[in-house]
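Below: entry-v8.pdb (PDB, C-alpha atoms, pLDDT in the B column)
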```
ATOM      1  CA  GLY I 730       8.556  -3.397   4.560  1.00 89.00           C
ATOM      2  CA  GLY I 731       7.113  -3.828   1.154  1.00 92.00           C
ATOM      3  CA  ILE I 732       5.061  -5.960  -1.178  1.00 91.00           C
ATOM      4  CA  SER I 733       5.540  -8.106  -4.254  1.00 91.00           C
ATOM      5  CA  LEU I 734       3.161  -7.480  -7.156  1.00 90.00           C
ATOM      6  CA  PHE I 735       2.548  -9.042 -10.557  1.00 89.00           C
ATOM      7  CA  THR I 736       2.755  -6.368 -13.269  1.00 91.00           C
ATOM      8  CA  LYS I 737       2.237  -6.083 -17.025  1.00 90.00           C
ATOM      9  CA  LEU I 738       5.552  -4.250 -17.523  1.00 91.00           C
ATOM     10  CA  ARG I 739       9.079  -4.648 -16.193  1.00 93.00           C
ATOM     11  CA  LEU I 740       9.620  -1.602 -14.006  1.00 94.00           C
ATOM     12  CA  ALA I 741      12.999   0.025 -13.430  1.00 96.00           C
ATOM     13  CA  PRO I 742      14.476  -0.109  -9.920  1.00 97.00           C
ATOM     14  CA  GLY I 743      14.373   3.294  -8.257  1.00 98.00           C
ATOM     15  CA  THR I 744      11.062   4.255  -9.881  1.00 97.00           C
ATOM     16  CA  VAL I 745       8.685   5.835  -7.344  1.00 98.00           C
ATOM     17  CA  LEU I 746       4.961   5.211  -7.871  1.00 96.00           C
ATOM     18  CA  LYS I 747       1.647   5.900  -6.187  1.00 97.00           C
ATOM     19  CA  ILE I 748       0.029   2.464  -6.006  1.00 95.00           C
ATOM     20  CA  GLU I 749      -3.513   1.306  -5.319  1.00 95.00           C
ATOM     21  CA  VAL I 750      -4.170  -2.399  -4.624  1.00 91.00           C
ATOM     22  CA  SER I 751      -7.607  -3.979  -4.210  1.00 93.00           C
ATOM     23  CA  PHE I 752      -7.958  -7.017  -1.953  1.00 90.00           C
ATOM     24  CA  PRO I 753     -10.825  -9.533  -1.899  1.00 88.00           C
ATOM     25  CA  GLY I 754     -13.228  -8.814   0.942  1.00 87.00           C
ATOM     26  CA  ARG I 755     -11.993  -5.259   1.539  1.00 92.00           C
ATOM     27  CA  ALA I 756     -14.266  -2.404   0.455  1.00 94.00           C
ATOM     28  CA  THR I 757     -11.514   0.184  -0.006  1.00 94.00           C
ATOM     29  CA  PRO I 758      -8.200  -0.355  -1.784  1.00 96.00           C
ATOM     30  CA  VAL I 759      -4.846   0.002  -0.053  1.00 96.00           C
ATOM     31  CA  ARG I 760      -3.025   3.105  -1.313  1.00 96.00           C
ATOM     32  CA  PHE I 761       0.656   3.829  -0.816  1.00 97.00           C
ATOM     33  CA  THR I 762       3.741   5.378  -2.342  1.00 98.00           C
ATOM     34  CA  GLY I 763       6.431   2.839  -3.108  1.00 97.00           C
ATOM     35  CA  GLU I 764       9.830   2.483  -4.725  1.00 98.00           C
ATOM     36  CA  ILE I 765      10.557  -0.324  -7.183  1.00 97.00           C
ATOM     37  CA  ILE I 766      13.371  -2.436  -5.756  1.00 97.00           C
ATOM     38  CA  TRP I 767      13.439  -5.216  -8.357  1.00 96.00           C
ATOM     39  CA  SER I 768      11.401  -6.516 -11.289  1.00 94.00           C
ATOM     40  CA  GLY I 769      11.827  -9.797 -13.128  1.00 92.00           C
ATOM     41  CA  GLU I 770      10.124 -11.873 -15.784  1.00 89.00           C
ATOM     42  CA  LEU I 771       8.040 -14.848 -14.673  1.00 85.00           C
ATOM     43  CA  ILE I 772       8.616 -18.176 -16.386  1.00 78.00           C
ATOM     44  CA  ALA I 773       5.406 -19.552 -17.885  1.00 70.00           C
ATOM     45  CA  SER I 774       4.663 -23.134 -18.778  1.00 73.00           C
ATOM     46  CA  GLU I 775       4.787 -23.937 -22.485  1.00 72.00           C
ATOM     47  CA  GLY I 776       1.721 -22.509 -24.193  1.00 68.00           C
ATOM     48  CA  GLN I 777       0.675 -20.525 -21.111  1.00 70.00           C
ATOM     49  CA  ALA I 778       0.072 -16.801 -21.577  1.00 69.00           C
ATOM     50  CA  LEU I 779       0.499 -14.587 -18.524  1.00 73.00           C
ATOM     51  CA  SER I 780      -1.577 -11.404 -18.250  1.00 81.00           C
ATOM     52  CA  ASN I 781       0.948  -9.987 -15.742  1.00 77.00           C
ATOM     53  CA  PRO I 782       4.272 -11.552 -16.758  1.00 87.00           C
ATOM     54  CA  TYR I 783       6.529  -9.717 -14.291  1.00 91.00           C
ATOM     55  CA  GLU I 784       6.959  -9.966 -10.542  1.00 92.00           C
ATOM     56  CA  THR I 785       7.934  -6.660  -8.980  1.00 95.00           C
ATOM     57  CA  GLY I 786       9.215  -5.890  -5.485  1.00 96.00           C
ATOM     58  CA  VAL I 787       8.091  -2.578  -4.018  1.00 97.00           C
ATOM     59  CA  ARG I 788       9.391  -0.929  -0.836  1.00 97.00           C
ATOM     60  CA  PHE I 789       6.862   1.156   1.080  1.00 97.00           C
ATOM     61  CA  LEU I 790       7.793   4.840   1.248  1.00 98.00           C
ATOM     62  CA  GLU I 791       4.466   6.185   2.546  1.00 98.00           C
ATOM     63  CA  ILE I 792       1.626   3.972   3.789  1.00 97.00           C
ATOM     64  CA  ALA I 793      -1.017   4.393   6.495  1.00 97.00           C
ATOM     65  CA  SER I 794      -0.324   2.201   9.519  1.00 96.00           C
ATOM     66  CA  ASP I 795      -3.740   0.481   9.269  1.00 95.00           C
ATOM     67  CA  ASP I 796      -3.104  -0.352   5.594  1.00 95.00           C
ATOM     68  CA  ARG I 797       0.346  -1.767   6.442  1.00 95.00           C
ATOM     69  CA  GLU I 798      -1.208  -3.865   9.213  1.00 95.00           C
ATOM     70  CA  PHE I 799      -3.922  -5.124   6.843  1.00 94.00           C
ATOM     71  CA  ILE I 800      -1.314  -6.233   4.287  1.00 93.00           C
ATOM     72  CA  LEU I 801       0.677  -8.068   6.978  1.00 91.00           C
ATOM     73  CA  GLN I 802      -2.448  -9.857   8.237  1.00 92.00           C
ATOM     74  CA  TYR I 803      -3.552 -10.689   4.687  1.00 91.00           C
ATOM     75  CA  ALA I 804      -0.148 -12.139   3.786  1.00 88.00           C
ATOM     76  CA  GLU I 805      -0.032 -14.189   6.996  1.00 90.00           C
ATOM     77  CA  ALA I 806      -3.533 -15.533   6.291  1.00 89.00           C
ATOM     78  CA  GLN I 807      -2.474 -16.576   2.782  1.00 86.00           C
ATOM     79  CA  ILE I 808       0.529 -18.461   4.167  1.00 87.00           C
ATOM     80  CA  THR I 809      -1.315 -20.173   7.017  1.00 85.00           C
ATOM     81  CA  GLY I 810      -4.594 -20.699   5.162  1.00 78.00           C
ATOM     82  CA  HIS I 811      -6.649 -18.661   7.657  1.00 66.00           C
ATOM     83  CA  LYS I 812      -8.964 -15.834   6.704  1.00 60.00           C
ATOM     84  CA  SER I 813      -7.765 -12.360   7.730  1.00 49.00           C
ATOM     85  CA  ALA I 814      -9.834 -10.388  10.211  1.00 50.00           C
TER      86      ALA I 814
END
```

Represent the structure of the file as structure tokens.
Amino acid sequence: GGISLFTKLRLAPGTVLKIEVSFPGRATPVRFTGEIIWSGELIASEGQALSNPYETGVRFLEIASDDREFILQYAEAQITGHKSA
């Protein structure tokens, strides 16, 4: 399992990071250790400036089971249009 993030920098595959992600409606951020799997530049529309111009795939190395479950529920809610519990 893992997560895709938008980042300011292109990160090298194999890099291991401690990551903290805040989610709307959640008081505490999700914290985990992850390994960069891929990172690529986003294509912006003409004249559009991106504050986070890279999309980066991160594989979970260490994450609490409740945080992993929250991310799965959040992602499913975004896809289906339902609010997560």

Separation of atom CA of Lys737 of chain I and atom CA of Leu779 of chain I, in Å?
->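 Computed distance, atom CA of Lys737 of chain I to atom CA of Leu779 of chain I, equals 8.8 Å.
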
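The closest residue to Glu770 of chain I, picked from I:Ala756, I:Leu738, I:Val750, I:Leu790 and counting all atoms listed in the file, is I:Leu738.
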
By how many Å are atom CA of Ile792 of chain I and atom CA of Leu771 of chain I apart?
->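 Going from atom CA of Ile792 of chain I over to atom CA of Leu771 of chain I covers 27.1 Å.
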
For Trp767 of chain I, the nearest of the candidates I:Asp796, I:Gly810, I:Pro782, I:Leu740, counting all atoms listed in the file |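 Ranked by minimum distance to Trp767 of chain I, first place goes to I:Leu740.
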
Could you name the residues that touch Ser751 of chain I at 12 Å or less, counting all atoms listed in the file, but leaving out those on the same chain fewer than 5 positions away, as a PyMOL selection string?
-> chain I and resi 734+756-761+796+799-800+803

Given the file shown, determine the residues that the PyMOL selection byres ((chain I and resi 788) around 12) selects; report them as JSON, numbers by chain.
-> {"I": [730, 731, 732, 733, 734, 742, 743, 744, 745, 746, 747, 748, 761, 762, 763, 764, 765, 766, 767, 785, 786, 787, 789, 790, 791, 792, 797]}

Show which residues sit within 9 Å of Thr736 of chain I, as a PyMOL selection string. Count only C-alpha atoms, and ignore same-chain residues fewer than 6 positions away.
-> chain I and resi 768+780-785
